[in-house]
Every structure is written in structure tokens, then in C-alpha cells.
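Q: mmCIF, C-alpha atoms and all ligand atoms, saved as final.cif, coming up:
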data_entry
loop_
_atom_site.label_atom_id
_atom_site.label_comp_id
_atom_site.auth_asym_id
_atom_site.auth_seq_id
_atom_site.Cartn_x
_atom_site.Cartn_y
_atom_site.Cartn_z
CA MET C 1 -35.82 12.66 45.96
CA ALA C 2 -33.06 11.98 48.50
CA LYS C 3 -29.36 12.07 47.70
CA PRO C 4 -27.52 8.73 47.66
CA ILE C 5 -26.18 7.22 50.86
CA PHE C 6 -22.70 5.72 50.43
CA LEU C 7 -21.47 3.08 52.86
CA ILE C 8 -17.70 2.95 52.94
CA GLY C 9 -15.16 0.90 54.84
CA PHE C 10 -12.74 -1.99 54.69
CA MET C 11 -13.50 -5.36 53.12
CA GLY C 12 -15.63 -7.32 55.55
CA SER C 13 -17.04 -4.31 57.37
CA GLY C 14 -20.64 -5.24 56.50
CA LYS C 15 -21.34 -2.56 53.85
CA SER C 16 -23.43 -4.87 51.68
CA THR C 17 -25.31 -6.67 54.45
CA LEU C 18 -26.14 -3.52 56.39
CA GLY C 19 -26.67 -1.52 53.20
CA ARG C 20 -29.31 -3.93 52.01
CA ARG C 21 -31.10 -3.75 55.37
CA LEU C 22 -30.85 0.03 55.52
CA ALA C 23 -32.26 0.39 52.01
CA ALA C 24 -35.19 -1.87 52.92
CA ARG C 25 -35.83 0.16 56.08
CA LEU C 26 -35.84 3.47 54.16
CA GLY C 27 -37.74 2.16 51.16
CA TYR C 28 -34.72 2.91 48.94
CA THR C 29 -33.00 0.84 46.27
CA PHE C 30 -29.80 -0.97 47.22
CA LEU C 31 -26.77 -1.06 44.93
CA ASP C 32 -23.50 -2.90 45.41
CA LEU C 33 -20.80 -1.12 43.42
CA ASP C 34 -18.76 -4.30 42.83
CA LYS C 35 -21.85 -6.06 41.52
CA PHE C 36 -22.64 -3.07 39.29
CA ILE C 37 -19.13 -3.26 37.78
CA GLU C 38 -19.37 -7.04 37.37
CA ASP C 39 -22.68 -6.73 35.53
CA ARG C 40 -21.31 -4.01 33.27
CA GLN C 41 -18.10 -5.86 32.49
CA GLN C 42 -19.66 -9.31 32.38
CA ALA C 43 -16.86 -10.58 34.59
CA ILE C 44 -16.29 -11.14 38.31
CA ILE C 45 -13.94 -8.89 40.32
CA PRO C 46 -11.07 -11.42 40.63
CA ASP C 47 -11.11 -11.89 36.85
CA LEU C 48 -11.13 -8.13 36.29
CA PHE C 49 -8.10 -7.76 38.56
CA ALA C 50 -6.35 -10.58 36.69
CA LYS C 51 -7.24 -9.23 33.26
CA TYR C 52 -6.63 -5.50 33.74
CA GLY C 53 -4.50 -5.29 36.89
CA GLU C 54 -5.47 -3.21 39.92
CA ASN C 55 -4.74 0.18 38.29
CA ASP C 56 -7.22 -0.28 35.48
CA PHE C 57 -9.74 -1.84 37.83
CA ARG C 58 -9.57 1.38 39.86
CA LYS C 59 -10.39 3.40 36.73
CA LEU C 60 -13.44 1.23 36.03
CA GLU C 61 -14.45 1.57 39.66
CA SER C 62 -14.13 5.36 39.61
CA LYS C 63 -16.22 5.66 36.43
CA ALA C 64 -18.88 3.41 37.92
CA LEU C 65 -18.92 5.53 41.06
CA GLU C 66 -19.42 8.75 39.08
CA GLU C 67 -22.32 7.13 37.30
CA VAL C 68 -24.14 5.80 40.37
CA SER C 69 -23.55 9.06 42.26
CA LYS C 70 -26.25 10.61 40.08
CA LEU C 71 -28.91 8.24 41.42
CA SER C 72 -31.32 9.09 44.20
CA ASP C 73 -33.23 7.23 46.92
CA ILE C 74 -30.49 4.65 46.99
CA VAL C 75 -28.02 3.07 49.41
CA ILE C 76 -24.71 2.26 47.72
CA ALA C 77 -22.19 -0.18 49.20
CA THR C 78 -18.78 0.68 47.77
CA GLY C 79 -15.76 -1.63 47.45
CA GLY C 80 -13.22 -1.27 50.26
CA GLY C 81 -10.67 0.45 48.02
CA ALA C 82 -13.05 2.83 46.25
CA PRO C 83 -12.68 5.82 48.63
CA CYS C 84 -8.89 5.65 48.41
CA PHE C 85 -8.32 6.36 44.72
CA PHE C 86 -8.61 9.48 42.55
CA ASP C 87 -11.03 12.03 43.98
CA ASN C 88 -13.64 9.36 44.70
CA MET C 89 -14.15 10.45 48.29
CA GLU C 90 -14.83 14.03 47.20
CA VAL C 91 -17.23 12.79 44.49
CA MET C 92 -19.21 10.84 47.07
CA ASN C 93 -19.15 13.61 49.66
CA GLN C 94 -20.50 16.08 47.14
CA ALA C 95 -23.11 13.77 45.65
CA GLY C 96 -24.61 12.50 48.87
CA ASN C 97 -24.23 11.26 52.42
CA THR C 98 -21.17 9.17 53.27
CA ILE C 99 -20.99 6.83 56.25
CA TYR C 100 -17.83 5.01 57.34
CA LEU C 101 -18.27 1.67 59.08
CA GLN C 102 -15.30 1.56 61.43
CA ILE C 103 -14.62 -2.01 62.54
CA SER C 104 -11.59 -3.33 64.44
CA PRO C 105 -8.85 -5.10 62.44
CA ARG C 106 -9.29 -8.25 64.52
CA GLN C 107 -13.01 -8.40 63.75
CA LEU C 108 -12.41 -7.67 60.06
CA ALA C 109 -9.78 -10.40 59.80
CA SER C 110 -12.04 -12.89 61.52
CA ARG C 111 -14.94 -12.10 59.18
CA LEU C 112 -12.71 -12.21 56.10
CA ALA C 113 -11.26 -15.56 57.18
CA SER C 114 -14.72 -17.12 57.10
CA SER C 115 -16.07 -15.26 54.07
CA HIS C 116 -16.79 -17.12 50.84
CA THR C 117 -16.30 -14.05 48.64
CA GLU C 118 -13.12 -14.24 46.59
CA ARG C 119 -11.04 -11.10 47.20
CA PRO C 120 -7.87 -10.69 45.13
CA LEU C 121 -6.04 -8.50 47.66
CA ILE C 122 -6.18 -11.10 50.44
CA LYS C 123 -5.94 -14.25 48.37
CA GLY C 124 -3.87 -16.89 50.19
CA LEU C 125 -3.62 -14.91 53.43
CA GLU C 126 -4.70 -16.42 56.72
CA GLY C 127 -4.09 -16.23 60.46
CA ASP C 128 -1.52 -13.65 61.57
CA ALA C 129 -0.59 -12.79 57.98
CA LEU C 130 -4.20 -11.83 57.26
CA LEU C 131 -4.50 -9.84 60.49
CA GLY C 132 -1.22 -8.04 59.75
CA PHE C 133 -2.34 -7.16 56.24
CA VAL C 134 -5.70 -5.87 57.45
CA ALA C 135 -4.13 -3.76 60.22
CA THR C 136 -1.56 -2.16 57.91
CA LYS C 137 -3.91 -1.56 55.00
CA LEU C 138 -6.64 -0.19 57.25
CA GLU C 139 -4.21 2.29 58.79
CA GLN C 140 -3.30 3.54 55.29
CA ARG C 141 -6.90 3.72 54.18
CA GLU C 142 -8.42 5.37 57.23
CA VAL C 143 -7.09 8.74 56.09
CA PHE C 144 -9.61 8.48 53.26
CA TYR C 145 -12.39 6.72 55.15
CA LEU C 146 -12.36 9.38 57.86
CA LYS C 147 -13.29 12.04 55.31
CA ALA C 148 -16.81 10.59 55.39
CA HIS C 149 -19.61 12.74 56.77
CA HIS C 150 -20.28 10.22 59.52
CA CYS C 151 -18.34 7.47 61.23
CA LEU C 152 -20.06 4.53 62.93
CA THR C 153 -17.78 2.56 65.21
CA GLY C 154 -18.41 -0.90 66.60
CA ASP C 155 -18.03 -4.56 65.78
CA ARG C 156 -21.76 -5.21 66.07
CA LEU C 157 -23.42 -2.42 64.10
CA THR C 158 -27.09 -2.77 63.29
CA VAL C 159 -29.35 -0.84 60.96
CA GLU C 160 -30.68 1.17 63.92
CA ASP C 161 -27.23 2.70 64.39
CA PHE C 162 -27.55 4.36 60.98
CA LEU C 163 -30.95 5.92 61.43
CA PRO C 164 -29.82 9.15 63.20
CA PHE C 165 -27.60 9.95 60.20
CA VAL C 166 -29.89 9.26 57.29
CA SER C 167 -33.12 11.17 57.72
C1 LIG Z 1 -11.38 -4.27 47.43
C2 LIG Z 1 -12.58 -4.59 48.03
C3 LIG Z 1 -13.59 -5.43 47.38
C4 LIG Z 1 -13.48 -5.31 45.85
C5 LIG Z 1 -12.08 -5.62 45.42
C6 LIG Z 1 -11.05 -4.67 46.04
C7 LIG Z 1 -10.40 -3.45 48.19
O1 LIG Z 1 -14.90 -5.02 47.80
O2 LIG Z 1 -13.84 -4.03 45.41
O3 LIG Z 1 -11.79 -6.96 45.79
O4 LIG Z 1 -9.49 -2.87 47.57
O5 LIG Z 1 -10.55 -3.34 49.44
P1 LIG Z 1 -15.49 -5.33 49.29
O6 LIG Z 1 -15.04 -4.22 50.19
O7 LIG Z 1 -16.96 -5.31 49.07
O8 LIG Z 1 -14.97 -6.65 49.70
#
Go ahead and express the file in the form of C-alpha cells.
A:
Amino acid sequence: MAKPIFLIGFMGSGKSTLGRRLAARLGYTFLDLDKFIEDRQQAIIPDLFAKYGENDFRKLESKALEEVSKLSDIVIATGGGAPCFFDNMEVMNQAGNTIYLQISPRQLASRLASSHTERPLIKGLEGDALLGFVATKLEQREVFYLKAHHCLTGDRLTVEDFLPFVS
């Protein structure tokens, strides 16, 4: 039974896409924390933000994280804000293996601009406003992200890049 692998990083960093591939490669289950919360709450993330506000969403997110931290043989893609609230980063670091996907703000903004996922924090932002938001928010959040056990840097990460850190 292997401890969970947590993929952390900003919105648009590829946690879900790469997480799914990594899980398949390792023969593990894949879990998307946002999806787990949506299933539990029977509501999508934008509606949860609208209904409860960000503060209460963060409480739901933290509880969900505690719960999934007990699982094994699993790759967990966390929401971009999850590591930055409460003691979530410590919970993940103690429960398993944490990997930060470090992507440049420009690349993140470009991916987010063409993404179809609705994200409350960047709703209505585009062009330079989106890039500015990403750069500022990422700078604030990196303090938390960099507490991860491992940091993978690059705008074109593939599943092979993870393999040295997950055996
Ligand atoms: C958020 C990231 C989203 C989701 C919510 C808040 C954030 O997840 O949890 O919209 O605070 O960065 P992704 O990182 O999967 O987009």
C-alpha cells in the first residue's frame, strides 16, 4: 500500500491531466479533489463559491482533503488554492508525497484563457488583466507550493518527469 501522491500547483498547471496519466502509469486510482467535493455537495465549484463564499468553500475543501489523505495507491489532483489555507500543506506532506508543478505565469495565463472550465477566481479576466492576476497570485501562493517534497519546473511537463519522484 503506497501513500497518496498529491499534485499541487496553480490553476491550469496540468494537475488533473498529468495526474490521470501518472495514476494510469502506476496502476493507481486517480482522484480530482474539486470533483470529489462537487460529488459530495451535489453542486459545481462556481455554485459552491456563490452559495457559501470562498471562506466556507475553503473549509469544505480542507475537510475533503483530510478525508482523501487517508487513501492509498492514489494520485490526487488538488485545487490550486488548497495548499494555501489552514494547515493543508502540512496535512498533505505528512500523509504522502507532494509534488509541485511549477509553470510560468505566461504559460498558465495562456492555458487558462483557452480553458473551458469555469473558475470563479478568474471569471471575466482576460489578456493582460489575466496575466497580471496570475503573476500576483502565484507569487503569493508559491510560499505554500514550495513546501512540497518535490518541485517539477517546466511548461511542457510529461508523466516521465514524475517517475524519479514516485517510486
Ligand atoms: C481554485 C482552483 C480551482 C478550484 C477553485 C479555486 C484556486 O481548481 O478549486 O476554482 O483557488 O486556485 P483548479 O486548480 O483545478 O483549477
Q: Measuring between only C-alpha atoms, which one of C:Pro120, C:Gly80, C:Gly53, C:Pro164 shows the shortest distance to Leu101 (chain C)?
A: C:Gly80
Q: Check the smallest atom-to-atom distance from each of C:Asn88, C:Ser62, C:Asn55, C:Thr98 to Ile8 (chain C) using all atoms listed in the file, then report the winner.
A: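 Closest to Ile8 (chain C), using all atoms listed in the file: C:Thr98.
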Q: So which one's closest to ligand LIG 1 (chain Z), C:Asp87, C:Asp39, C:Asp155, C:Glu118? Using all atoms listed in the file, please.
A: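 For ligand LIG 1 (chain Z), the nearest of the candidates is C:Glu118.
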Q: Could you pull out the residues sitting within 10 Å of ligand LIG 1 (chain Z), using all atoms listed in the file, and write them as a ChimeraX atom specification?
A: /C:8-16,32-35,37,44-46,48-49,54,57-58,61,77-85,112,115,117-123,134,137-138,141
Q: Work out how far apart CA of Leu7 (chain C) and CA of Ile76 (chain C) are and give it in Å to one decimal.
A: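 Result for CA of Leu7 (chain C) versus CA of Ile76 (chain C): 6.1 Å, one decimal.
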Q: For CA of Thr17 (chain C) and CA of Ala148 (chain C), determine how far apart the two atoms are, in Å to one decimal place.
A: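 Answer for the CA of Thr17 (chain C) to CA of Ala148 (chain C) separation: 19.3 Å.
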Q: Go through C:Phe162, C:Ala23, C:Glu139, C:Tyr52 one by one, measure the shortest atom-to-atom distance of each to Ile99 (chain C) using all atoms listed in the file, and give the residue with the smallest value.
A: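 Nearest candidate to Ile99 (chain C) out of C:Phe162, C:Ala23, C:Glu139, C:Tyr52: C:Phe162.
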Q: Which of these residues is nearest to Ser114 (chain C), using all atoms listed in the file: C:Ala50, C:Ser167, C:Glu126, C:Leu60?
A: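 Comparing C:Ala50, C:Ser167, C:Glu126, C:Leu60 against Ser114 (chain C), the winner is C:Glu126.
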Q: Counting all atoms listed in the file, what is within 6 Å of Phe30 (chain C), bar same-chain residues fewer than 5 positions away, as a PyMOL selection string?
A: chain C and resi 20+23+74-75
Q: Which value, in Å to one decimal, gives the distance between CA of Gln102 (chain C) and CA of Leu152 (chain C)?
A: 5.8 Å
Q: With distances taken over only C-alpha atoms, which residue among C:Gln41, C:Asn97, C:Gln107, C:Ser72 lies nearest Arg156 (chain C)?
A: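 Selected residue with least distance to Arg156 (chain C): C:Gln107.
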Q: With a distance cut-off of 12 Å and only C-alpha atoms, select the neighbouring residues of Gly127 (chain C), excluding the residue or stretch itself and same-chain residues fewer than 3 positions from it, and output the selection as a tab-separated table (two decimals) with C-alpha atoms, in the coordinates of the input.
A:
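File produced: result.tsv:
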chain	number	residue	atom	x	y	z
C	106	ARG	CA	-9.29	-8.25	64.52
C	108	LEU	CA	-12.41	-7.67	60.06
C	109	ALA	CA	-9.78	-10.40	59.80
C	110	SER	CA	-12.04	-12.89	61.52
C	111	ARG	CA	-14.94	-12.10	59.18
C	112	LEU	CA	-12.71	-12.21	56.10
C	113	ALA	CA	-11.26	-15.56	57.18
C	114	SER	CA	-14.72	-17.12	57.10
C	122	ILE	CA	-6.18	-11.10	50.44
C	124	GLY	CA	-3.87	-16.89	50.19
C	130	LEU	CA	-4.20	-11.83	57.26
C	131	LEU	CA	-4.50	-9.84	60.49
C	132	GLY	CA	-1.22	-8.04	59.75
C	133	PHE	CA	-2.34	-7.16	56.24
C	134	VAL	CA	-5.70	-5.87	57.45
Q: Taking all atoms of region 11-24 of chain C that the file lists, what box with edges along x, y and z, padded by 6 Å per side, do you get, with centre and edge lengths in Å to one decimal, as AutoDock Vina command-line options?
A:
--center_x -24.3 --center_y -3.5 --center_z 54.5 --size_x 33.7 --size_y 19.7 --size_z 17.7
